[in-house]
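K.L.:
This is the structure I want to talk about, given as structure tokens.
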Amino acid sequence: DDDEIDPTLYGGAAGIVITLLEAHRHFGDDRYADSAVRGAGAIAAAVDEMGHSSLYLGLTGMAVALRAVGDLLGDFAASAAAGHALELVRSRFDGERWSDQFELLAGNAGIALGALAAGDPDLAVLAVTPYLRTAERTVSGVQWEVRAGMEARFHHISHGTLGIVSALAAVGEATGHRELIELALTGAADVVIRNEAGQTGFLVPHSDPQHRPELVERYSFGWCHGPAGDAQVFRLLGAVTKDPAWHDLANRCWHTVTHSGLPRRVRPGFWDNSGRCCGTAGVLALACDRYVEGRDDLEFAGVLVNDLAARATVDGAGVRWSNHEHRLTPSTLEPRTGWAMGNAGIVRELLRFNRATAGGDPSYAVTWPDHPAAGPVVRAS
């Protein structure tokens, strides 16, 4: 509905505002800053009406964007709105969770990471502490029920164990709670043992037992349910523990991604998405991380960028991307503007790639809550 503003981080204004801040730093054009401030005003106006508290679908993600506008552009109203949003989140905590969902995208783990990014470590600790008492022991580690009453146990970053691991490790490191880091490592161990790609690769099923097998493929390769996202968690664990084994696992994830066939359309359903959540832009983020860390050149990143260029619609209205769903007719989906499936997520990664290839600063204007910052790796002599 054109009359309704989606203020969320996943597909709405919060994700778009963060990309506008990226564009402002990249181009030095104040029009992007002005647009970010206007977007922040719309997000702030939606705070009291937002029923969800989560990072990607609710108040916490809105607070992240508002805090970024406040910090980078000196917008005191945005900063105040961010604080108000986080206080609402805190007031809705029932002692264990905020909703039936208990993971990164819509549950405690994302709220913890968003609170940490928005400058509220106490709320971050509050959000992850329930994982200590709700962990389910497995043969090789622990896992969690990520949605109340759901039999399937998810393994990856968006809805599964590795998203919870990411929050536990990041909050534990930031606040000095070692027990959170230990639980993160135990959760990661459960996922690592599920690898089905041998000693050189890394590929873990979507979930066990498989969630909706008639609709959901057993294996994915992007950020949300695949090795492109798994690698981000392993990068974080390597930074927290200084154990090179985690970086080795990230390398194995990259091997699997680069040998999967993407970004070519190998078959119907693979590879049909350009977005940051499920598609090419999420892989590009990892490719540029690896370049910054000195683990790879930008050759494969260039392949991804060329594919994005080839799939873009360019006309008098601008540039946009349409994803595809081969089970629908027509299969070409409407272009979107947000972070997850649309322009905001793609453009943010393209701007970073441009700076990397030009020898500029490859960091982001705003660090994404679940994306560990990249820097040159200091190797032991």
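Within each chain, counting starts at residue 1; across the structure tokens, chains are named A, B, ... in the order shown, with ligands numbered 1 upward in that order.
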Hey, what's within 10 Å of Ala365 (chain A) if we count only C-alpha atoms and toss same-chain stuff fewer than 5 positions away? As a list in words, please?
P.N.:
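Those residues are Ile18, Thr19, Leu20, Leu21, Glu22, Ala23, His24, Arg25, His26, Ala68, Leu72, Arg348 and Arg352 of chain A.
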K.L.:
Considering only C-alpha atoms, give me a table of residues in region 166-235 of chain A that are at most 8 Å from region 112-133 of chain A, with the closest atom pair and distance in Å for each, as a tab-separated table.
P.N.:
residue	atom	partner	partner_atom	distance
A:Ala167	CA	A:Leu113	CA	5.7
A:Leu168	CA	A:Val128	CA	6.3
A:Ala170	CA	A:Leu113	CA	7.4
A:Val171	CA	A:Ala124	CA	6.6
A:Ala174	CA	A:Pro121	CA	7.9
A:Thr175	CA	A:Pro121	CA	7.1
A:Leu180	CA	A:Leu132	CA	7.6
A:Leu183	CA	A:Leu132	CA	7.3
K.L.:
Find the spatial neighbours of Met150 (chain A), counting only C-alpha atoms, within a cut-off of 12 Å - ignore same-chain residues fewer than 3 positions away - and output them as an MDAnalysis selection string.
P.N.:
chainID A and resid 100:102 144:147 153:154 207:212
K.L.:
Got a sec: who's within 10 Å of region 308-319 of chain A, counting only C-alpha atoms, leaving out chain neighbours fewer than 6 positions off, as a list in words?
P.N.:
Pro263, Asn273, Ser274, Gly275, Thr280, Ala281, Gly302, Pro335, Asn343, Ile346, Val347 and Leu350 of chain A
K.L.:
Give me the residues near Pro362 (chain A) as a ChimeraX atom specification, where near means some atom within 12 Å (using only C-alpha atoms) and where sequence neighbours in that chain fewer than 4 positions away do not count.
P.N.:
/A:22,25-26,285,287-293,348-358,366-367,373-376
K.L.:
Can you tell me which residues surround region 215-232 of chain A at a distance of at most 8 Å, considering only C-alpha atoms, apart from same-chain residues fewer than 5 positions away, and format the answer as number ranges by chain?
P.N.:
A: 155-159, 162, 202-207, 210, 249-251, 253-254, 256-257, 260, 276-280, 282-283, 286, 371-372
K.L.:
Create the file for the chosen residues now, containing C-alpha atoms and written as a PDB file, in the first residue's frame.
P.N.:
ATOM      1  CA  HIS A 155      20.738 -24.396  11.714  1.00  0.00           C
ATOM      2  CA  HIS A 156      21.739 -21.155   9.975  1.00  0.00           C
ATOM      3  CA  ILE A 157      21.991 -17.445  10.706  1.00  0.00           C
ATOM      4  CA  SER A 158      18.584 -15.981   9.905  1.00  0.00           C
ATOM      5  CA  HIS A 159      16.300 -18.377  11.768  1.00  0.00           C
ATOM      6  CA  LEU A 162      24.079 -19.862  14.085  1.00  0.00           C
ATOM      7  CA  PHE A 202      30.929 -26.713   4.248  1.00  0.00           C
ATOM      8  CA  LEU A 203      27.251 -27.342   3.562  1.00  0.00           C
ATOM      9  CA  VAL A 204      24.630 -27.975   6.228  1.00  0.00           C
ATOM     10  CA  PRO A 205      20.951 -28.714   5.555  1.00  0.00           C
ATOM     11  CA  HIS A 206      18.302 -26.051   6.031  1.00  0.00           C
ATOM     12  CA  SER A 207      16.745 -27.769   9.067  1.00  0.00           C
ATOM     13  CA  GLN A 210      13.236 -30.663   7.183  1.00  0.00           C
ATOM     14  CA  LEU A 249      35.671 -23.128   8.399  1.00  0.00           C
ATOM     15  CA  ALA A 250      34.897 -19.761   6.818  1.00  0.00           C
ATOM     16  CA  ASN A 251      37.318 -20.648   4.022  1.00  0.00           C
ATOM     17  CA  CYS A 253      32.201 -22.100   3.306  1.00  0.00           C
ATOM     18  CA  TRP A 254      33.702 -19.901   0.607  1.00  0.00           C
ATOM     19  CA  THR A 256      31.420 -24.353  -1.338  1.00  0.00           C
ATOM     20  CA  VAL A 257      29.897 -21.032  -2.424  1.00  0.00           C
ATOM     21  CA  SER A 260      28.160 -24.125  -6.339  1.00  0.00           C
ATOM     22  CA  ARG A 276      21.096  -9.207   0.234  1.00  0.00           C
ATOM     23  CA  CYS A 277      19.198 -11.809   2.263  1.00  0.00           C
ATOM     24  CA  CYS A 278      18.882 -14.762  -0.110  1.00  0.00           C
ATOM     25  CA  GLY A 279      20.908 -13.798  -3.154  1.00  0.00           C
ATOM     26  CA  THR A 280      23.929 -12.343  -4.876  1.00  0.00           C
ATOM     27  CA  GLY A 282      24.772 -11.282   0.386  1.00  0.00           C
ATOM     28  CA  VAL A 283      27.529 -13.305  -1.279  1.00  0.00           C
ATOM     29  CA  LEU A 286      31.351 -11.925   2.064  1.00  0.00           C
ATOM     30  CA  HIS A 371      27.717  -8.491  10.054  1.00  0.00           C
ATOM     31  CA  PRO A 372      31.152  -8.547  11.748  1.00  0.00           C
TER      32      PRO A 372
END
K.L.:
According to DSSP computed on the backbone, where in region 181-289 of chain A is there helix (DSSP H, G or I)? Give the residues as a ChimeraX atom specification.
P.N.:
/A:181-192,227-241,244-258,280-289
K.L.:
Name the closest residue to Leu328 (chain A) among the candidates A:Leu55, A:His247, A:Gly269, A:Gly187; distances are taken between atoms, counting only C-alpha atoms.
P.N.:
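When distances to Leu328 (chain A) are compared using only C-alpha atoms, the smallest one comes from A:Gly269.
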K.L.:
Please provide as a short mmCIF file (atom, residue, chain, number, x, y, z; two decimals) with N, CA, C and O atoms, in the first residue's frame all residues within 10 Å of Leu185 (chain A), with the sequence filter that same-chain residues fewer than 4 positions apart are discarded (counting only C-alpha atoms).
P.N.:
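The resulting file, out.cif, is shown below:
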data_model
loop_
_atom_site.label_atom_id
_atom_site.label_comp_id
_atom_site.auth_asym_id
_atom_site.auth_seq_id
_atom_site.Cartn_x
_atom_site.Cartn_y
_atom_site.Cartn_z
N GLY A 141 26.55 -30.84 20.72
CA GLY A 141 26.49 -29.46 21.18
C GLY A 141 25.12 -29.12 21.73
O GLY A 141 24.55 -29.89 22.50
N VAL A 142 24.59 -27.96 21.32
CA VAL A 142 23.25 -27.57 21.72
C VAL A 142 22.53 -26.95 20.53
O VAL A 142 23.15 -26.50 19.56
N LEU A 162 22.94 -20.76 14.29
CA LEU A 162 24.08 -19.86 14.09
C LEU A 162 23.71 -18.39 14.31
O LEU A 162 24.57 -17.60 14.70
N VAL A 165 24.04 -18.19 17.98
CA VAL A 165 25.48 -18.22 18.26
C VAL A 165 26.10 -16.85 18.05
O VAL A 165 26.91 -16.38 18.87
N SER A 166 25.74 -16.20 16.96
CA SER A 166 26.28 -14.87 16.66
C SER A 166 25.96 -13.88 17.78
O SER A 166 26.83 -13.12 18.23
N LEU A 168 25.13 -14.56 20.97
CA LEU A 168 25.81 -14.96 22.21
C LEU A 168 27.28 -14.54 22.18
O LEU A 168 27.80 -13.99 23.16
N ALA A 169 27.94 -14.78 21.05
CA ALA A 169 29.37 -14.45 20.97
C ALA A 169 29.60 -12.94 20.99
O ALA A 169 30.50 -12.46 21.69
N GLU A 179 30.43 -16.88 29.87
CA GLU A 179 29.52 -18.02 29.75
C GLU A 179 28.70 -17.94 28.47
O GLU A 179 28.30 -18.97 27.91
N LEU A 180 28.47 -16.72 27.97
CA LEU A 180 27.76 -16.57 26.71
C LEU A 180 28.61 -17.05 25.54
O LEU A 180 28.12 -17.71 24.60
N ILE A 181 29.89 -16.73 25.58
CA ILE A 181 30.80 -17.19 24.52
C ILE A 181 30.92 -18.71 24.54
O ILE A 181 30.90 -19.37 23.48
N ALA A 189 29.26 -25.91 17.57
CA ALA A 189 29.72 -27.30 17.42
C ALA A 189 28.61 -28.19 16.89
O ALA A 189 28.86 -29.11 16.09
N ASP A 190 27.38 -27.94 17.31
CA ASP A 190 26.26 -28.74 16.80
C ASP A 190 26.08 -28.56 15.31
O ASP A 190 25.73 -29.51 14.59
N LEU A 237 33.40 -15.78 15.29
CA LEU A 237 33.99 -16.67 16.29
C LEU A 237 35.51 -16.66 16.21
O LEU A 237 36.19 -16.74 17.25
N THR A 241 37.60 -15.67 19.52
CA THR A 241 38.41 -16.70 20.18
C THR A 241 39.87 -16.68 19.78
O THR A 241 40.70 -17.27 20.46
#
K.L.:
Interatomic distance between CA of His84 (chain A) and CA of Arg31 (chain A)?
P.N.:
27.1 Å
K.L.:
So, counting only C-alpha atoms, which residue among A:Ala135, A:Val303, A:Val64, A:Ala340 is closest to Ala14 (chain A)?
P.N.:
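Selected residue with least distance to Ala14 (chain A): A:Val64.
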